[in-house]
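Asker: Let me begin by handing over the structure; questions about it come next.
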Amino acid sequence: MAVQYQNQVTLETSFIRQDAGKIMVELSEILPPIHQLVNQMAAVTIDSKEQKLSYETITNDDEEEVIELLKKTFFKDEPLNEYLQLGECKDLEDYCKKSIPDGCSFKAVNSNGEIVGVFLNGIIRKPEPNDEPVLLASKTNHEKFKIIMQLMDYIDSKFSIFDLYPDIEAFIDGKILAVDPRYRGYGIAGQLTDKTIEFMQQNNYKVFHVLCSSHFSARVLEKMDFTEVFRLNYEEYIVDGKKVLCPEKPHVAARIFTKVISS
Ligand SMILES: CC(C)(COP(=O)(O)OP(=O)(O)OC[C@H]1O[C@@H](n2cnc3c(N)ncnc32)[C@H](O)[C@@H]1OP(=O)(O)O)[C@@H](O)C(=O)NCCC(=O)NCCS
C-alpha cells in the first residue's frame with residue numbers, strides 16, 4: 001500500500017515509521033514539520049520503487065560508496081562536524097573505514113541499489129594491563145577533526161566501559177551512524193541498530209556501546225531502550241578556559257548509551 005503526500009513524496013507503508021500506526025491521515029499529523037521542511041528544501045521526490053529497503057552487512061567493496069554517503073551526510077551535518085564546518089577530512093575517512101573489516105557494520109540499501117544509511121561498528125577488545133592508552137587526537141593533524149578527537153579522549157579519560165562491565169572481554173562500539181537526509185525520520189537508524197544486535201546475538205557479544213554526539217541518534221537509542229551511562233553537556237566542556245563545541249539545539253550533550261544483549 002502506498003501513501004501519496006501533498007508534496008509528491010510517495011512512501012510505501014513498509015517504510016513508514018513504526019509508531020505512525022494510522023496511515024490515512026494528513027502528513028502533518030504523522031510527521032513533525034521538520035520532516036516536511038527538510039524534504040521540501042531538498043526538493044525530494046522519492047520514487048516509490050526506491051522504498052523497499054534491504055539491510056545488509058557492509059563489506060570492503062562498499063568502502064567507496066559508504067564514504068561518498070558520509071561525505072554528503074555525516075561530514076556535513078553530524079552536529080559537531082556542522083558546528084566546526086569540518087570540510088574535507090581524510091583522517092575522518094580513514095576513521096570511518098577502519099572498522100569495516102570487523103564485519104559488524106550494516107547498510108540500508110534502496111531498490112535502486114543505493115546505500116541510504118549506515119551504521120559503522122567496531123569490535124573493541126579489553127586492553128592488557130600494561131597497554132599505554134593511545135590518544136586519538138595524536139593521530140590527526142586536521143585542526144578541526146583534532147578538536148573532536150580531543151573530546152573523545154576527554155570522555156575516554158572520564159568513562160570506561162570495562163569499569164562498568166568488568167566481566168566482558170570485548171564490546172561492540174557503534175562509531176558512525178548516518179542516514180541520507182531524504183530518508184530520515186522513518187526508523188532506518190533503528191533497523192540498522194537491530195541488525196547490529198542480531199550480529200551480537202549470533203556472535204556472542206554482550207555489550208553494545210554508542211557515543212551519541214547528536215540528539216537525533218540519542219533518540220534512536222532511547223526508543224530502543226538503551227541506557228544512558230554517561231553524559232557531558234557541551235557547555236560544560238571547557239578547553240583552555242573556553243567552550244569549544246557549541247552545536248545548535250537540540251544537540252546539547254555528548255551521551256554514551258549501552259545495551260546489554262542477551263543471546
Ligand atoms: C541520527 C540519524 C542517523 C537518525 O536516523 P533516522 O533513521 O532518521 O532515525 P529516526 O527515524 O529514528 O529518527 C530519530 C530522530 O531524528 C529526528 N528526525 C526525524 N526526522 C528527521 C529529519 N527529517 N531530519 C532531521 N531529524 C529528524 C527526530 O528527533 C527523531 O526522533 P523522534 O522519533 O523521537 O521524533 C540521522 O539523523 C543522521 O544521519 N544524522 C546526521 C549524522 C549524525 O548526526 N549521526 C549521529 C552522530 S552520533
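Ligands are numbered from 1 in the order shown, chains are lettered A, B, ... in the order of the C-alpha cells, and residues start at 1 in each chain.
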Return as a list in words the residues of protein, DNA or RNA that approach ligand 1 to within 6 Å, with only C-alpha atoms and all ligand atoms taken into account.
Answerer: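 Those within range of ligand 1 are His35, Val38, Thr73, Phe74, Asp77, Glu78, Pro79, Leu177, Ala178, Val179, Arg184, Gly185, Tyr186, Gly187, Ile188, Ala189, Gly190, Cys212, Ser213, Ser214, Phe216, Ser217, Arg219 and Val220 of chain A.
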Asker: Restricting it to C-alpha atoms, dump the selection as a CSV table (one decimal), in the first residue's frame.
Answerer:
```csv
chain,number,residue,atom,x,y,z
A,35,HIS,CA,10.4,16.4,8.1
A,38,VAL,CA,13.8,19.1,5.1
A,73,THR,CA,25.7,13.4,5.3
A,74,PHE,CA,27.8,12.8,8.4
A,77,ASP,CA,25.5,17.5,9.4
A,78,GLU,CA,26.7,15.5,12.4
A,79,PRO,CA,26.3,18.3,14.9
A,177,LEU,CA,25.5,6.3,12.3
A,178,ALA,CA,24.2,8.2,9.3
A,179,VAL,CA,21.1,8.2,7.1
A,184,ARG,CA,15.4,10.4,7.9
A,185,GLY,CA,12.6,10.1,10.4
A,186,TYR,CA,11.5,6.7,9.2
A,187,GLY,CA,13.3,4.5,11.7
A,188,ILE,CA,16.1,3.4,9.4
A,189,ALA,CA,18.8,4.0,12.1
A,190,GLY,CA,16.8,1.8,14.4
A,212,CYS,CA,26.0,10.0,20.6
A,213,SER,CA,27.0,13.5,19.7
A,214,SER,CA,23.6,14.1,18.3
A,216,PHE,CA,18.7,12.5,17.0
A,217,SER,CA,21.0,9.5,17.4
A,219,ARG,CA,16.6,9.5,20.3
A,220,VAL,CA,17.1,6.4,18.2
```
Asker: Given the choices A:Asp61, A:Asn130, A:Lys76, A:Leu151, which gets closest to Lys243 in chain A if the distance is worked out from only C-alpha atoms?
Answerer: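 Smallest separation from Lys243 in chain A among the options: A:Leu151.
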Asker: A:Gln85, A:Phe106, A:Ile148, A:Asp173: which is nearest Arg125 in chain A, counting only C-alpha atoms?
Answerer: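 For Arg125 in chain A, the nearest of the given residues is A:Asp173.
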Asker: Just want the 10 Å neighbourhood of Ile168 in chain A, counted on only C-alpha atoms, with same-chain residues fewer than 4 positions away dropped. Output as a list in words.
Answerer: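 Using only C-alpha atoms, the neighbours found are Arg125, Lys126, Ile161, Phe162, Asp163, Leu164, Tyr205, Lys206 and Val207 of chain A.
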Asker: Got time to write the residues from that selection, C-alpha atoms, as a tab-separated table (two decimals), in the first residue's frame?
Answerer:
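Result file is selection.tsv:
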```tsv
chain	number	residue	atom	x	y	z
A	125	ARG	CA	38.89	-5.63	22.97
A	126	LYS	CA	39.88	-5.15	26.60
A	161	ILE	CA	33.14	0.64	29.57
A	162	PHE	CA	35.34	-2.07	31.08
A	163	ASP	CA	34.88	-0.50	34.53
A	164	LEU	CA	31.12	-0.59	34.05
A	205	TYR	CA	28.87	-10.08	22.13
A	206	LYS	CA	27.09	-8.84	25.24
A	207	VAL	CA	27.54	-5.06	25.31
```
Asker: Could you name the residues that touch Gln150 in chain A at 10 Å or less, counting only C-alpha atoms, but leaving out those on the same chain fewer than 5 positions away, as a tab-separated table (two decimals) with C-alpha atoms, in the first residue's frame?
Answerer:
```
chain	number	residue	atom	x	y	z
A	135	LEU	CA	45.29	9.40	22.33
A	136	LEU	CA	43.06	9.73	19.27
A	137	ALA	CA	43.97	13.39	18.91
A	138	SER	CA	47.62	12.45	18.48
A	145	PHE	CA	38.98	16.93	13.49
A	155	ILE	CA	35.41	11.30	27.50
A	156	ASP	CA	37.67	8.22	27.48
A	239	VAL	CA	39.37	23.74	26.97
```
Asker: What gap, in Å, lies between CA of His209 in chain A and CA of Leu120 in chain A?
Answerer: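 Atom-to-atom, CA of His209 in chain A and CA of Leu120 in chain A are spaced 12.2 Å apart.
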Asker: Identify, with DSSP run on backbone atoms, the residues in range 16-211 of chain A assigned to alpha helix (DSSP H), and express the list as number ranges by chain.
Answerer: A: 27-30, 33-41, 63-72, 74-77, 79-84, 90-98, 143-158, 161-164, 188-203
Asker: At a cut-off of 12 Å, using only C-alpha atoms, what residues contact Asn60 in chain A? Leave out same-chain residues fewer than 5 positions from it and give the result as a PyMOL selection string.
Answerer: chain A and resi 65-67+96-106
Asker: What does the file look like for those residues with N, CA and C atoms, as an mmCIF file, in the first residue's frame?
Answerer:
```cif
data_model
loop_
_atom_site.group_PDB
_atom_site.id
_atom_site.type_symbol
_atom_site.label_atom_id
_atom_site.label_comp_id
_atom_site.auth_asym_id
_atom_site.auth_seq_id
_atom_site.Cartn_x
_atom_site.Cartn_y
_atom_site.Cartn_z
ATOM 1 N N GLU A 65 31.523 3.710 -1.646
ATOM 2 C CA GLU A 65 30.154 4.240 -1.624
ATOM 3 C C GLU A 65 29.756 4.711 -0.218
ATOM 4 N N VAL A 66 30.240 3.992 0.786
ATOM 5 C CA VAL A 66 29.948 4.406 2.165
ATOM 6 C C VAL A 66 30.555 5.795 2.415
ATOM 7 N N ILE A 67 31.785 5.974 1.988
ATOM 8 C CA ILE A 67 32.429 7.277 2.217
ATOM 9 C C ILE A 67 31.699 8.378 1.437
ATOM 10 N N CYS A 96 36.462 6.186 9.534
ATOM 11 C CA CYS A 96 35.207 5.514 9.150
ATOM 12 C C CYS A 96 35.483 4.141 8.541
ATOM 13 N N LYS A 97 36.548 4.056 7.736
ATOM 14 C CA LYS A 97 36.832 2.788 7.025
ATOM 15 C C LYS A 97 37.394 1.718 7.946
ATOM 16 N N LYS A 98 38.030 2.176 9.012
ATOM 17 C CA LYS A 98 38.872 1.284 9.821
ATOM 18 C C LYS A 98 38.158 0.026 10.333
ATOM 19 N N SER A 99 36.894 0.182 10.749
ATOM 20 C CA SER A 99 36.263 -0.970 11.397
ATOM 21 C C SER A 99 35.440 -1.832 10.431
ATOM 22 N N ILE A 100 35.367 -1.436 9.162
ATOM 23 C CA ILE A 100 34.574 -2.235 8.201
ATOM 24 C C ILE A 100 35.033 -3.706 8.174
ATOM 25 N N PRO A 101 36.356 -3.973 8.191
ATOM 26 C CA PRO A 101 36.791 -5.377 8.171
ATOM 27 C C PRO A 101 36.319 -6.197 9.378
ATOM 28 N N ASP A 102 35.891 -5.561 10.450
ATOM 29 C CA ASP A 102 35.381 -6.322 11.604
ATOM 30 C C ASP A 102 34.091 -7.083 11.257
ATOM 31 N N GLY A 103 33.432 -6.671 10.180
ATOM 32 C CA GLY A 103 32.265 -7.427 9.685
ATOM 33 C C GLY A 103 30.988 -7.209 10.479
ATOM 34 N N CYS A 104 30.936 -6.120 11.254
ATOM 35 C CA CYS A 104 29.718 -5.886 12.040
ATOM 36 C C CYS A 104 29.118 -4.504 11.749
ATOM 37 N N SER A 105 29.367 -4.006 10.533
ATOM 38 C CA SER A 105 28.765 -2.738 10.102
ATOM 39 C C SER A 105 27.661 -3.045 9.104
ATOM 40 N N PHE A 106 26.628 -2.206 9.110
ATOM 41 C CA PHE A 106 25.444 -2.529 8.301
ATOM 42 C C PHE A 106 25.009 -1.331 7.459
#
```
Asker: Name the closest residue to Gly174 in chain A among the candidates A:Lys52, A:Lys146, A:Lys259, A:Lys139; distances are taken between atoms, counting only C-alpha atoms.
Answerer: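 When distances to Gly174 in chain A are compared using only C-alpha atoms, the smallest one comes from A:Lys259.
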Asker: May I ask which of the residues A:Leu192, A:Pro127, A:Glu143, A:Val252 is the closest one to Phe171 in chain A, counting only C-alpha atoms?
Answerer: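 The closest residue to Phe171 in chain A is A:Pro127.
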Asker: One decimal, Å: what's the distance from CA of Val260 in chain A over to CA of Met224 in chain A, could you say?
Answerer: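 Here the two named atoms are 11.8 Å from each other.
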Asker: Which is closer to Phe159 in chain A than all the others in A:Val134, A:Ile256, A:Val118, A:Leu80, using only C-alpha atoms?
Answerer: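 Residue with the minimum atom-to-atom distance to Phe159 in chain A: A:Ile256.
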